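What follows is the content of data_4.cif (mmCIF, C-alpha atoms).
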data_upload
#
loop_
_atom_site.label_atom_id
_atom_site.label_comp_id
_atom_site.auth_asym_id
_atom_site.auth_seq_id
_atom_site.Cartn_x
_atom_site.Cartn_y
_atom_site.Cartn_z
CA MET A 2 30.28 22.17 -32.81
CA ASN A 3 30.42 18.81 -31.03
CA ARG A 4 28.35 15.91 -32.38
CA VAL A 5 27.51 13.23 -29.81
CA SER A 6 25.53 10.03 -29.73
CA CYS A 7 23.53 9.45 -26.53
CA ILE A 8 21.96 6.04 -25.84
CA ASP A 9 19.35 5.27 -23.19
CA ILE A 10 19.25 1.52 -22.53
CA GLY A 11 16.02 0.85 -20.71
CA THR A 12 14.22 -2.27 -19.55
CA ASN A 13 12.12 -2.43 -22.71
CA THR A 14 13.57 0.02 -25.23
CA ALA A 15 16.95 1.35 -26.32
CA LEU A 16 16.78 4.97 -27.50
CA LEU A 17 19.35 6.75 -29.62
CA LEU A 18 19.83 10.51 -29.93
CA ILE A 19 22.50 12.02 -32.16
CA ALA A 20 22.81 15.73 -31.50
CA ASP A 21 25.07 18.70 -32.08
CA LEU A 22 26.10 20.47 -28.88
CA GLU A 23 26.90 24.17 -28.97
CA PRO A 24 28.79 25.17 -25.80
CA ALA A 25 28.66 28.89 -26.66
CA SER A 26 24.85 29.08 -26.88
CA GLY A 27 24.02 26.09 -24.67
CA ALA A 28 21.95 24.55 -27.46
CA ILE A 29 21.25 20.86 -28.06
CA LEU A 30 20.37 20.39 -31.72
CA PRO A 31 18.90 16.93 -32.48
CA VAL A 32 20.13 15.38 -35.72
CA PHE A 33 18.78 11.81 -35.58
CA HIS A 34 16.47 9.68 -33.41
CA ARG A 35 15.96 5.92 -33.28
CA GLN A 36 14.20 3.57 -30.89
CA THR A 37 14.47 -0.23 -30.74
CA ILE A 38 12.51 -2.67 -28.60
CA VAL A 39 15.22 -4.77 -26.93
CA ARG A 40 13.33 -6.08 -23.85
CA LEU A 41 16.60 -6.27 -21.92
CA GLY A 42 14.63 -6.73 -18.71
CA GLU A 43 12.88 -9.92 -19.81
CA ARG A 44 12.35 -11.97 -16.60
CA VAL A 45 14.96 -9.88 -14.74
CA ASP A 46 12.44 -9.15 -11.97
CA GLU A 47 12.11 -12.90 -11.41
CA ARG A 48 15.66 -14.16 -12.04
CA LYS A 49 17.81 -11.07 -11.36
CA LEU A 50 19.76 -12.03 -14.48
CA ILE A 51 19.93 -10.70 -18.02
CA GLY A 52 19.47 -13.79 -20.20
CA GLY A 53 21.36 -14.85 -23.31
CA GLU A 54 18.64 -13.88 -25.79
CA ALA A 55 18.25 -10.41 -24.24
CA MET A 56 22.03 -10.02 -24.41
CA GLU A 57 22.01 -10.91 -28.11
CA ARG A 58 19.25 -8.38 -28.78
CA LEU A 59 21.19 -5.68 -26.92
CA ALA A 60 24.44 -6.48 -28.75
CA ALA A 61 22.71 -6.36 -32.14
CA CYS A 62 21.11 -3.02 -31.24
CA MET A 63 24.41 -1.53 -30.02
CA ARG A 64 26.21 -2.65 -33.20
CA GLU A 65 23.52 -0.92 -35.24
CA TYR A 66 23.64 2.23 -33.09
CA ARG A 67 27.44 2.35 -33.42
CA ARG A 68 27.15 2.03 -37.20
CA ILE A 69 24.59 4.87 -37.32
CA SER A 70 26.70 7.02 -34.98
CA GLU A 71 29.74 6.60 -37.22
CA GLU A 72 27.65 7.27 -40.32
CA TYR A 73 26.51 10.57 -38.81
CA GLY A 74 30.00 11.51 -37.64
CA ALA A 75 29.36 11.44 -33.90
CA GLY A 76 32.72 11.82 -32.19
CA THR A 77 31.52 10.57 -28.81
CA ILE A 78 29.12 7.78 -27.82
CA ILE A 79 27.59 7.99 -24.32
CA ALA A 80 25.47 5.05 -23.18
CA GLY A 81 23.56 4.65 -19.92
CA GLY A 82 21.71 1.58 -18.64
CA THR A 83 18.86 1.85 -16.15
CA SER A 84 16.56 -0.42 -14.14
CA ALA A 85 17.17 -3.82 -15.80
CA LEU A 86 20.93 -3.35 -15.62
CA ARG A 87 20.73 -2.15 -12.00
CA ASP A 88 18.77 -5.26 -11.00
CA ALA A 89 20.88 -7.83 -12.85
CA SER A 90 23.50 -9.68 -10.82
CA ASN A 91 25.46 -10.25 -14.06
CA ARG A 92 25.48 -6.58 -15.08
CA GLU A 93 29.30 -6.30 -14.99
CA GLY A 94 29.56 -9.24 -17.35
CA VAL A 95 26.94 -7.72 -19.66
CA ILE A 96 28.75 -4.37 -19.71
CA ALA A 97 32.10 -6.06 -20.43
CA ALA A 98 30.65 -8.24 -23.20
CA ILE A 99 28.97 -5.30 -24.94
CA SER A 100 32.18 -3.27 -24.72
CA THR A 101 34.17 -6.12 -26.28
CA GLU A 102 31.60 -6.88 -29.00
CA THR A 103 30.60 -3.34 -29.98
CA GLY A 104 33.14 -0.90 -28.52
CA ILE A 105 30.34 0.88 -26.63
CA ASP A 106 30.98 1.39 -22.92
CA ILE A 107 27.73 1.35 -20.91
CA THR A 108 27.46 3.11 -17.55
CA CYS A 109 24.96 1.66 -15.07
CA ILE A 110 22.99 4.68 -13.84
CA SER A 111 21.54 4.78 -10.33
CA GLY A 112 17.84 5.45 -9.80
CA ASN A 113 18.52 8.92 -8.39
CA GLU A 114 20.84 9.85 -11.25
CA GLU A 115 18.28 8.56 -13.75
CA ALA A 116 15.64 10.79 -12.17
CA GLU A 117 17.96 13.82 -12.29
CA LEU A 118 19.06 13.29 -15.90
CA THR A 119 15.46 12.68 -17.00
CA PHE A 120 14.19 15.74 -15.11
CA PHE A 121 16.46 18.13 -16.96
CA GLY A 122 16.35 16.18 -20.22
CA ALA A 123 12.54 16.23 -20.38
CA VAL A 124 12.44 20.03 -20.61
CA ALA A 125 15.77 20.71 -22.34
CA GLY A 126 15.31 23.53 -24.86
CA MET A 127 11.79 24.42 -23.69
CA ASN A 128 10.87 28.04 -23.03
CA SER A 129 8.51 29.60 -20.45
CA LEU A 130 8.77 26.75 -17.96
CA PRO A 131 6.82 27.03 -14.68
CA GLU A 132 8.72 28.07 -11.57
CA THR A 133 8.09 24.62 -10.08
CA PHE A 134 7.24 21.53 -12.10
CA MET A 135 7.28 17.75 -11.92
CA VAL A 136 8.51 15.04 -14.31
CA ILE A 137 7.28 11.44 -14.31
CA ASP A 138 9.18 8.75 -16.19
CA ILE A 139 7.36 5.42 -16.45
CA GLY A 140 9.89 2.87 -17.64
CA GLY A 141 9.84 -0.86 -18.08
CA GLY A 142 11.48 -1.63 -14.76
CA SER A 143 11.02 1.49 -12.64
CA THR A 144 9.16 4.77 -12.37
CA GLU A 145 10.88 8.02 -11.41
CA ILE A 146 9.16 11.18 -10.15
CA SER A 147 11.09 14.44 -9.78
CA ILE A 148 10.24 17.99 -8.72
CA GLY A 149 12.16 21.23 -9.07
CA SER A 150 12.75 24.36 -11.12
CA PRO A 151 14.48 24.86 -14.48
CA ASP A 152 17.77 25.34 -12.61
CA ASP A 153 17.44 23.05 -9.61
CA LEU A 154 16.20 19.54 -8.91
CA GLU A 155 14.65 19.65 -5.43
CA GLU A 156 13.61 16.06 -4.85
CA SER A 157 13.25 12.77 -6.70
CA VAL A 158 12.30 9.18 -6.08
CA SER A 159 12.86 5.98 -8.06
CA MET A 160 10.33 3.19 -7.51
CA ASP A 161 10.45 -0.42 -8.69
CA ILE A 162 7.13 -0.23 -10.49
CA GLY A 163 7.51 -0.44 -14.25
CA SER A 164 5.40 -1.67 -17.14
CA VAL A 165 7.52 -4.77 -17.88
CA ARG A 166 8.31 -5.65 -14.26
CA LEU A 167 4.67 -5.53 -13.11
CA THR A 168 3.25 -7.13 -16.27
CA GLU A 169 5.51 -10.13 -15.69
CA ARG A 170 4.58 -10.18 -12.02
CA PHE A 171 0.79 -9.79 -12.28
CA PHE A 172 -0.54 -10.27 -15.83
CA SER A 173 -0.27 -13.82 -17.13
CA ALA A 174 -2.89 -13.23 -19.83
CA CYS A 175 -4.00 -10.48 -22.19
CA PRO A 176 -6.52 -9.21 -21.30
CA PRO A 177 -5.74 -9.67 -17.61
CA SER A 178 -8.28 -11.15 -15.22
CA THR A 179 -10.16 -8.79 -12.90
CA ASP A 180 -8.33 -10.23 -9.89
CA ALA A 181 -4.92 -9.73 -11.52
CA PHE A 182 -5.80 -6.17 -12.50
CA GLU A 183 -6.94 -5.32 -8.97
CA ALA A 184 -3.85 -6.92 -7.43
CA ALA A 185 -1.62 -4.80 -9.70
CA ARG A 186 -3.60 -1.66 -8.88
CA GLU A 187 -3.23 -2.31 -5.14
CA GLU A 188 0.54 -2.79 -5.47
CA ILE A 189 0.92 0.40 -7.50
CA ASN A 190 -1.17 2.32 -4.96
CA ARG A 191 0.91 0.93 -2.09
CA VAL A 192 4.20 2.05 -3.64
CA LEU A 193 2.93 5.43 -4.83
CA THR A 194 1.23 6.29 -1.53
CA ALA A 195 4.49 5.71 0.32
CA ASN A 196 6.40 8.08 -1.98
CA ILE A 197 4.28 10.86 -3.50
CA ILE A 198 3.60 13.29 -0.62
CA PRO A 199 6.58 15.60 -1.42
CA PHE A 200 5.31 16.10 -4.98
CA PHE A 201 1.79 17.48 -4.39
CA GLU A 202 2.78 21.13 -4.85
CA ALA A 203 3.68 20.60 -8.54
CA ARG A 204 0.62 18.58 -9.57
CA GLU A 205 -0.60 21.36 -11.91
CA ALA A 206 2.67 21.43 -13.88
CA VAL A 207 3.60 17.86 -14.84
CA TYR A 208 5.65 16.57 -17.78
CA GLY A 209 5.61 12.87 -18.70
CA VAL A 210 8.34 11.03 -20.61
CA ALA A 211 9.16 7.55 -21.96
CA GLY A 212 7.35 4.97 -24.07
CA THR A 213 4.12 4.61 -22.09
CA LEU A 214 3.47 8.34 -22.22
CA THR A 215 4.41 8.86 -25.87
CA THR A 216 2.38 5.80 -26.92
CA LEU A 217 -0.70 7.01 -25.04
CA ALA A 218 -0.35 10.42 -26.69
CA GLN A 219 -0.19 8.67 -30.07
CA VAL A 220 -3.26 6.50 -29.38
CA SER A 221 -5.19 9.45 -27.94
CA GLN A 222 -4.76 11.27 -31.26
CA ARG A 223 -5.62 8.08 -33.20
CA LEU A 224 -2.28 8.17 -34.98
CA LYS A 225 -1.41 4.83 -36.58
CA GLN A 226 2.27 5.78 -36.59
CA PHE A 227 4.40 7.78 -34.19
CA ASP A 228 4.64 11.48 -35.12
CA ALA A 229 7.12 13.35 -32.91
CA LEU A 230 5.76 16.80 -33.77
CA LYS A 231 2.21 15.80 -32.77
CA VAL A 232 3.27 13.92 -29.64
CA GLN A 233 5.66 16.54 -28.24
CA ASN A 234 3.90 18.74 -25.64
CA TYR A 235 0.58 16.92 -26.17
CA PRO A 236 -1.87 17.56 -23.30
CA LEU A 237 -2.94 14.22 -21.83
CA THR A 238 -5.90 14.43 -19.45
CA PHE A 239 -6.81 12.09 -16.60
CA ALA A 240 -10.16 11.41 -18.28
CA GLU A 241 -8.43 10.34 -21.51
CA VAL A 242 -5.91 8.12 -19.69
CA ASP A 243 -8.78 6.49 -17.78
CA ARG A 244 -10.71 5.93 -21.03
CA MET A 245 -7.74 4.32 -22.78
CA LEU A 246 -6.93 2.12 -19.80
CA GLU A 247 -10.50 0.79 -19.62
CA LYS A 248 -10.28 -0.04 -23.33
CA PHE A 249 -6.87 -1.76 -23.06
CA ARG A 250 -7.86 -3.92 -20.09
CA SER A 251 -10.58 -5.62 -22.16
CA CYS A 252 -8.54 -6.03 -25.36
CA SER A 253 -6.59 -9.00 -26.69
CA LEU A 254 -2.97 -8.46 -27.73
CA GLU A 255 -4.03 -8.42 -31.39
CA GLU A 256 -6.66 -5.75 -30.70
CA ILE A 257 -4.10 -3.58 -28.90
CA VAL A 258 -1.66 -3.90 -31.83
CA ALA A 259 -4.49 -2.90 -34.18
CA LEU A 260 -4.67 0.43 -32.34
CA GLY A 261 -1.21 1.25 -33.72
CA ILE A 262 0.84 0.13 -30.71
CA PRO A 263 4.09 -1.70 -31.61
CA LYS A 264 4.17 -5.42 -30.74
CA GLY A 265 7.10 -4.90 -28.39
CA ARG A 266 5.04 -2.48 -26.32
CA ALA A 267 1.50 -3.83 -26.81
CA ASP A 268 1.80 -6.45 -24.07
CA VAL A 269 2.91 -3.91 -21.43
CA ILE A 270 0.86 -0.82 -22.35
CA THR A 271 -2.06 -1.79 -20.09
CA MET A 272 0.23 -1.86 -17.06
CA GLY A 273 1.94 1.36 -18.11
CA ALA A 274 -1.42 3.08 -18.43
CA LEU A 275 -2.48 1.70 -15.03
CA ILE A 276 0.65 3.13 -13.36
CA LEU A 277 -0.02 6.50 -15.00
CA ARG A 278 -3.72 6.55 -14.07
CA GLN A 279 -3.02 5.74 -10.42
CA PHE A 280 -0.29 8.41 -10.30
CA MET A 281 -2.68 11.02 -11.71
CA ARG A 282 -5.55 9.89 -9.47
CA LEU A 283 -3.57 9.84 -6.22
CA LEU A 284 -1.90 13.20 -6.84
CA GLY A 285 -4.95 14.85 -8.37
CA VAL A 286 -3.25 15.56 -11.70
CA ALA A 287 -5.96 16.65 -14.14
CA GLU A 288 -3.61 17.02 -17.11
CA LEU A 289 0.05 16.58 -17.99
CA ARG A 290 2.22 17.40 -20.98
CA VAL A 291 4.00 14.66 -22.88
CA SER A 292 7.68 15.11 -23.75
CA ILE A 293 9.46 12.94 -26.30
CA GLN A 294 12.70 13.84 -24.55
CA GLY A 295 14.13 12.20 -21.45
CA LEU A 296 17.25 10.46 -20.24
CA ARG A 297 19.18 10.65 -23.51
CA PHE A 298 18.62 14.43 -23.61
CA GLY A 299 19.82 14.54 -20.00
CA LEU A 300 22.99 12.70 -21.04
CA ALA A 301 23.47 15.22 -23.85
CA GLN A 302 22.94 18.13 -21.48
CA LYS A 303 25.45 16.68 -18.99
CA GLU A 304 28.03 16.41 -21.80
CA LEU A 305 27.22 19.98 -22.88
CA LEU A 306 27.88 21.25 -19.34
CA ARG A 307 31.20 19.39 -19.34
CA LEU A 308 32.18 21.04 -22.61
CA GLN A 309 31.27 24.47 -21.20
CA GLN A 310 33.68 24.13 -18.28
CA PRO A 311 36.90 26.11 -18.72
#
Transcribe the structure of this file into structure tokens.
Amino acid sequence: MNRVSCIDIGTNTALLLIADLEPASGAILPVFHRQTIVRLGERVDERKLIGGEAMERLAACMREYRRISEEYGAGTIIAGGTSALRDASNREGVIAAISTETGIDITCISGNEEAELTFFGAVAGMNSLPETFMVIDIGGGSTEISIGSPDDLEESVSMDIGSVRLTERFFSACPPSTDAFEAAREEINRVLTANIIPFFEAREAVYGVAGTLTTLAQVSQRLKQFDALKVQNYPLTFAEVDRMLEKFRSCSLEEIVALGIPKGRADVITMGALILRQFMRLLGVAELRVSIQGLRFGLAQKELLRLQQP
């Protein structure tokens, strides 16, 4: 038995998975989950720099995750940073500072590697998977779409449309103005239209991961708090996504928080829902399944494969 700690450092959220890996059976057995709003990507789209306050939030989170990992006896800590780290010109300095302060070494993951790790992580441990399926990961800084089979990733794309990046770029108020909303929709359509053609064949078998998707599944069920068992594999329809988006776009920040959405996500959920709606509309996706898994499960699976090698 090998206990590992896998950390996904995104633009908005840092996610921790502690799991036991069983090389003999190929099983990933989750032991502990934690998520923390870090907002590492605050103004990175504009400045191409990770600021001092974001650095402090990340360092505090990593110290806490290291403490938890040690408490649970994880022998290995694997940490991957995604879009915000990729975009930041000071990423090497951030990585070095976090290593010095917390002892956690962060790897900056490319967009293609993020898509691959998320693709396999999203469905890790699931049975009766379709022969061909698609995974969409709507993050704070980027969105990845991947297509393949349970054993093979056929194609993926990473696009610089994310809930934090586009909120900072287009929405200066909450609720956004009609003009700002339409400008964001046009930009999302432009990027998606240029990238989605290879993915049409899997539009009837789609899995969605990351905070936008899990939050929408929570709100759709009118859950005031996140419940992993109720969110995992939840069927989210286009009609329901459209309904929630229309509600969000007319709500103040306080009204969105009142729906049960955490403050650190409430200001970007409208944009996240808009990205998802346009994806579903342009591809003709009537329904997708929400997975609470993702990149950190992909990191765990990659480590499991390494352990299985002779």
Can you write out as a tab-separated table which residues of stretch 119-199 of chain A fall within 9 Å of stretch 290-308 of chain A, alongside each residue's closest atom pair and its distance in Å to one decimal, counting all atoms listed in the file and ordering rows by chain and ascending residue number?
residue	atom	partner	partner_atom	distance
A:Thr119	CA	A:Leu296	CA	4.3
A:Phe120	CA	A:Gly295	CA	7.3
A:Phe121	CA	A:Gly299	CA	5.8
A:Gly122	CA	A:Gly299	CA	3.8
A:Ala123	CA	A:Gly295	CA	4.5
A:Val124	CA	A:Gln294	CA	7.3
A:Ala125	CA	A:Phe298	CA	7.0
A:Asp138	CA	A:Gly295	CA	8.0
Q: Find the residue from A:Gly265, A:Asn234, A:Arg67, A:Glu256 that sits nearest to A:Asn128; use all atoms listed in the file when measuring.
A: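 Checking each candidate against A:Asn128, we get A:Asn234 as the closest.
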Q) Which polymer residues have any atom within 10 Å of an atom of A:Asp88, counting only C-alpha atoms, with same-chain residues fewer than 3 positions away left out, as a VMD selection string? A) chain A and resid 42 45 to 46 48 to 51 83 to 85 91 to 92 142 161
Q) By how many Å are atom CA of A:Ile139 and atom CA of A:Leu59 apart? A) 20.6 Å
Contact check, stretch 179-227 of chain A to stretch 278-284 of chain A, at most 10 Å, counting only C-alpha atoms, closest pairs as CSV:
residue,atom,partner,partner_atom,distance
A:Arg186,CA,A:Gln279,CA,7.6
A:Glu187,CA,A:Gln279,CA,9.6
A:Ile189,CA,A:Gln279,CA,7.3
A:Asn190,CA,A:Gln279,CA,6.7
A:Leu193,CA,A:Phe280,CA,7.0
A:Thr194,CA,A:Leu283,CA,7.6
A:Ile197,CA,A:Leu284,CA,7.4
A:Ile198,CA,A:Leu284,CA,8.3
A:Phe200,CA,A:Leu284,CA,8.0
A:Phe201,CA,A:Leu284,CA,6.2
A:Glu202,CA,A:Leu284,CA,9.4
A:Ala203,CA,A:Leu284,CA,9.4
A:Arg204,CA,A:Leu284,CA,6.5
A:Glu205,CA,A:Leu284,CA,9.7
A:Val207,CA,A:Met281,CA,9.8
Could those selected residues go to a file with C-alpha atoms, as a CSV table (one decimal), keeping the file's coordinate frame?
chain,number,residue,atom,x,y,z
A,186,ARG,CA,-3.6,-1.7,-8.9
A,187,GLU,CA,-3.2,-2.3,-5.1
A,189,ILE,CA,0.9,0.4,-7.5
A,190,ASN,CA,-1.2,2.3,-5.0
A,193,LEU,CA,2.9,5.4,-4.8
A,194,THR,CA,1.2,6.3,-1.5
A,197,ILE,CA,4.3,10.9,-3.5
A,198,ILE,CA,3.6,13.3,-0.6
A,200,PHE,CA,5.3,16.1,-5.0
A,201,PHE,CA,1.8,17.5,-4.4
A,202,GLU,CA,2.8,21.1,-4.8
A,203,ALA,CA,3.7,20.6,-8.5
A,204,ARG,CA,0.6,18.6,-9.6
A,205,GLU,CA,-0.6,21.4,-11.9
A,207,VAL,CA,3.6,17.9,-14.8
Q.
Can you pull out the residues contacting A:Gly112? Cut-off 9 Å, using all atoms listed in the file, and skip same-chain residues under 4 positions away; I want them as a list in words.
A.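 Result of the neighbour search: Thr83, Ser84, Arg87, Ala116, Glu117, Ser143, Glu145, Val158, Ser159 and Met160 of chain A.
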Q: Determine the nearest neighbour of A:Ser100 from the options A:Ile78, A:Val286, A:Gly149, A:Ala240, counting all atoms listed in the file.
A: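 Result for the nearest residue to A:Ser100: A:Ile78.
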Tell me, as a short mmCIF file (atom, residue, chain, number, x, y, z; two decimals) with C-alpha atoms, keeping the file's coordinate frame, which residues lie within 8 Å of A:Val32, counting only C-alpha atoms; anything in the same chain fewer than 3 positions away does not count.
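So part-v9.cif came out as:
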data_model
loop_
_atom_site.label_atom_id
_atom_site.label_comp_id
_atom_site.auth_asym_id
_atom_site.auth_seq_id
_atom_site.Cartn_x
_atom_site.Cartn_y
_atom_site.Cartn_z
CA LEU A 18 19.83 10.51 -29.93
CA ILE A 19 22.50 12.02 -32.16
CA ALA A 20 22.81 15.73 -31.50
CA ASP A 21 25.07 18.70 -32.08
#
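The closest residue to A:Pro177, picked from A:Arg35, A:Arg4, A:Arg40, A:Arg250 and counting only C-alpha atoms, is A:Arg250.
Residues lying at most 12 Å from (4.9, 28.6, -16.8) in file coordinates, with all atoms listed in the file considered, are Met127, Asn128, Ser129, Leu130, Pro131, Glu132, Thr133, Phe134, Ser150, Pro151, Ala203, Glu205, Ala206 and Val207 of chain A.
Closest approach to A:Gln226 among A:Ile262, A:Val242, A:Ala98, A:Ile146: A:Ile262, based on all atoms listed in the file.
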Please put the answer as AutoDock Vina command-line options: centre and edge lengths, in Å with one decimal, of a box along x, y and z that encloses all listed atoms of stretch 279-283 of chain A plus 5 Å on each side.
--center_x -2.9 --center_y 8.4 --center_z -9.0 --size_x 15.3 --size_y 15.3 --size_z 15.5
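Once the PyMOL selection byres ((chain A and resi 214-218) around 8) is applied to the depicted file, the selected set reads Ile139, Gly209, Val210, Ala211, Gly212, Thr213, Gln219, Val220, Ser221, Gln222, Phe227, Val232, Tyr235, Leu237, Val242, Met245, Ile262, Ala274, Val291, Ser292 and Ile293 of chain A.
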Q.
Calculated over all atoms listed in the file, which of the candidates A:Asn196, A:Ser26, A:Ser6, A:Gln36 has the smallest distance to A:Pro263?
A.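 Of A:Asn196, A:Ser26, A:Ser6, A:Gln36, the one nearest A:Pro263 is A:Gln36, counting all atoms listed in the file.
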Q: Decode the PyMOL selection byres ((chain A and resi 25) around 10) for the given file into explicit residues and return them as a list in words.
A: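 Written out, the selection comes to Met2, Leu22, Glu23, Pro24, Ser26, Gly27, Ala28, Leu305, Leu308 and Gln309 of chain A.
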Complete the atoms of stretch 271-296 of chain A to N, CA and C atoms and put them out as an mmCIF file, in the coordinates of the input.
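Below you can see part-v9.cif, which holds the result:
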data_model
loop_
_atom_site.group_PDB
_atom_site.id
_atom_site.type_symbol
_atom_site.label_atom_id
_atom_site.label_comp_id
_atom_site.auth_asym_id
_atom_site.auth_seq_id
_atom_site.Cartn_x
_atom_site.Cartn_y
_atom_site.Cartn_z
ATOM 1 N N THR A 271 -0.990 -1.835 -21.087
ATOM 2 C CA THR A 271 -2.060 -1.790 -20.090
ATOM 3 C C THR A 271 -1.494 -1.479 -18.717
ATOM 4 N N MET A 272 -0.396 -2.128 -18.356
ATOM 5 C CA MET A 272 0.230 -1.860 -17.060
ATOM 6 C C MET A 272 0.794 -0.454 -17.005
ATOM 7 N N GLY A 273 1.420 -0.005 -18.080
ATOM 8 C CA GLY A 273 1.940 1.360 -18.110
ATOM 9 C C GLY A 273 0.847 2.381 -17.899
ATOM 10 N N ALA A 274 -0.287 2.171 -18.578
ATOM 11 C CA ALA A 274 -1.420 3.080 -18.430
ATOM 12 C C ALA A 274 -1.993 3.025 -17.020
ATOM 13 N N LEU A 275 -1.986 1.839 -16.403
ATOM 14 C CA LEU A 275 -2.480 1.700 -15.030
ATOM 15 C C LEU A 275 -1.584 2.471 -14.059
ATOM 16 N N ILE A 276 -0.277 2.365 -14.219
ATOM 17 C CA ILE A 276 0.650 3.130 -13.360
ATOM 18 C C ILE A 276 0.376 4.624 -13.513
ATOM 19 N N LEU A 277 0.222 5.087 -14.759
ATOM 20 C CA LEU A 277 -0.020 6.500 -15.000
ATOM 21 C C LEU A 277 -1.350 6.944 -14.404
ATOM 22 N N ARG A 278 -2.406 6.149 -14.598
ATOM 23 C CA ARG A 278 -3.720 6.550 -14.070
ATOM 24 C C ARG A 278 -3.677 6.662 -12.547
ATOM 25 N N GLN A 279 -3.060 5.700 -11.884
ATOM 26 C CA GLN A 279 -3.020 5.740 -10.420
ATOM 27 C C GLN A 279 -2.172 6.916 -9.927
ATOM 28 N N PHE A 280 -1.095 7.232 -10.629
ATOM 29 C CA PHE A 280 -0.290 8.410 -10.300
ATOM 30 C C PHE A 280 -1.144 9.672 -10.403
ATOM 31 N N MET A 281 -1.861 9.828 -11.510
ATOM 32 C CA MET A 281 -2.680 11.020 -11.710
ATOM 33 C C MET A 281 -3.822 11.079 -10.705
ATOM 34 N N ARG A 282 -4.427 9.936 -10.408
ATOM 35 C CA ARG A 282 -5.550 9.890 -9.470
ATOM 36 C C ARG A 282 -5.097 10.241 -8.053
ATOM 37 N N LEU A 283 -4.009 9.627 -7.601
ATOM 38 C CA LEU A 283 -3.570 9.840 -6.220
ATOM 39 C C LEU A 283 -3.027 11.247 -5.981
ATOM 40 N N LEU A 284 -2.425 11.835 -6.997
ATOM 41 C CA LEU A 284 -1.900 13.200 -6.840
ATOM 42 C C LEU A 284 -2.898 14.273 -7.260
ATOM 43 N N GLY A 285 -3.980 13.865 -7.891
ATOM 44 C CA GLY A 285 -4.950 14.850 -8.370
ATOM 45 C C GLY A 285 -4.462 15.617 -9.579
ATOM 46 N N VAL A 286 -3.751 14.934 -10.472
ATOM 47 C CA VAL A 286 -3.250 15.560 -11.700
ATOM 48 C C VAL A 286 -4.338 15.485 -12.766
ATOM 49 N N ALA A 287 -4.882 16.633 -13.146
ATOM 50 C CA ALA A 287 -5.960 16.650 -14.140
ATOM 51 C C ALA A 287 -5.429 16.533 -15.554
ATOM 52 N N GLU A 288 -4.199 17.029 -15.769
ATOM 53 C CA GLU A 288 -3.610 17.020 -17.110
ATOM 54 C C GLU A 288 -2.096 17.113 -16.997
ATOM 55 N N LEU A 289 -1.399 16.431 -17.904
ATOM 56 C CA LEU A 289 0.050 16.580 -17.990
ATOM 57 C C LEU A 289 0.450 16.775 -19.444
ATOM 58 N N ARG A 290 1.679 17.200 -19.639
ATOM 59 C CA ARG A 290 2.220 17.400 -20.980
ATOM 60 C C ARG A 290 3.226 16.307 -21.299
ATOM 61 N N VAL A 291 3.113 15.730 -22.476
ATOM 62 C CA VAL A 291 4.000 14.660 -22.880
ATOM 63 C C VAL A 291 5.253 15.239 -23.531
ATOM 64 N N SER A 292 6.408 14.718 -23.131
ATOM 65 C CA SER A 292 7.680 15.110 -23.750
ATOM 66 C C SER A 292 8.317 13.895 -24.385
ATOM 67 N N ILE A 293 8.775 14.042 -25.625
ATOM 68 C CA ILE A 293 9.460 12.940 -26.300
ATOM 69 C C ILE A 293 10.921 12.862 -25.873
ATOM 70 N N GLN A 294 11.330 13.794 -25.032
ATOM 71 C CA GLN A 294 12.700 13.840 -24.550
ATOM 72 C C GLN A 294 12.826 12.984 -23.279
ATOM 73 N N GLY A 295 13.962 13.000 -22.649
ATOM 74 C CA GLY A 295 14.130 12.200 -21.450
ATOM 75 C C GLY A 295 15.580 11.977 -21.132
ATOM 76 N N LEU A 296 15.910 10.752 -20.717
ATOM 77 C CA LEU A 296 17.250 10.460 -20.240
ATOM 78 C C LEU A 296 18.333 10.770 -21.261
#
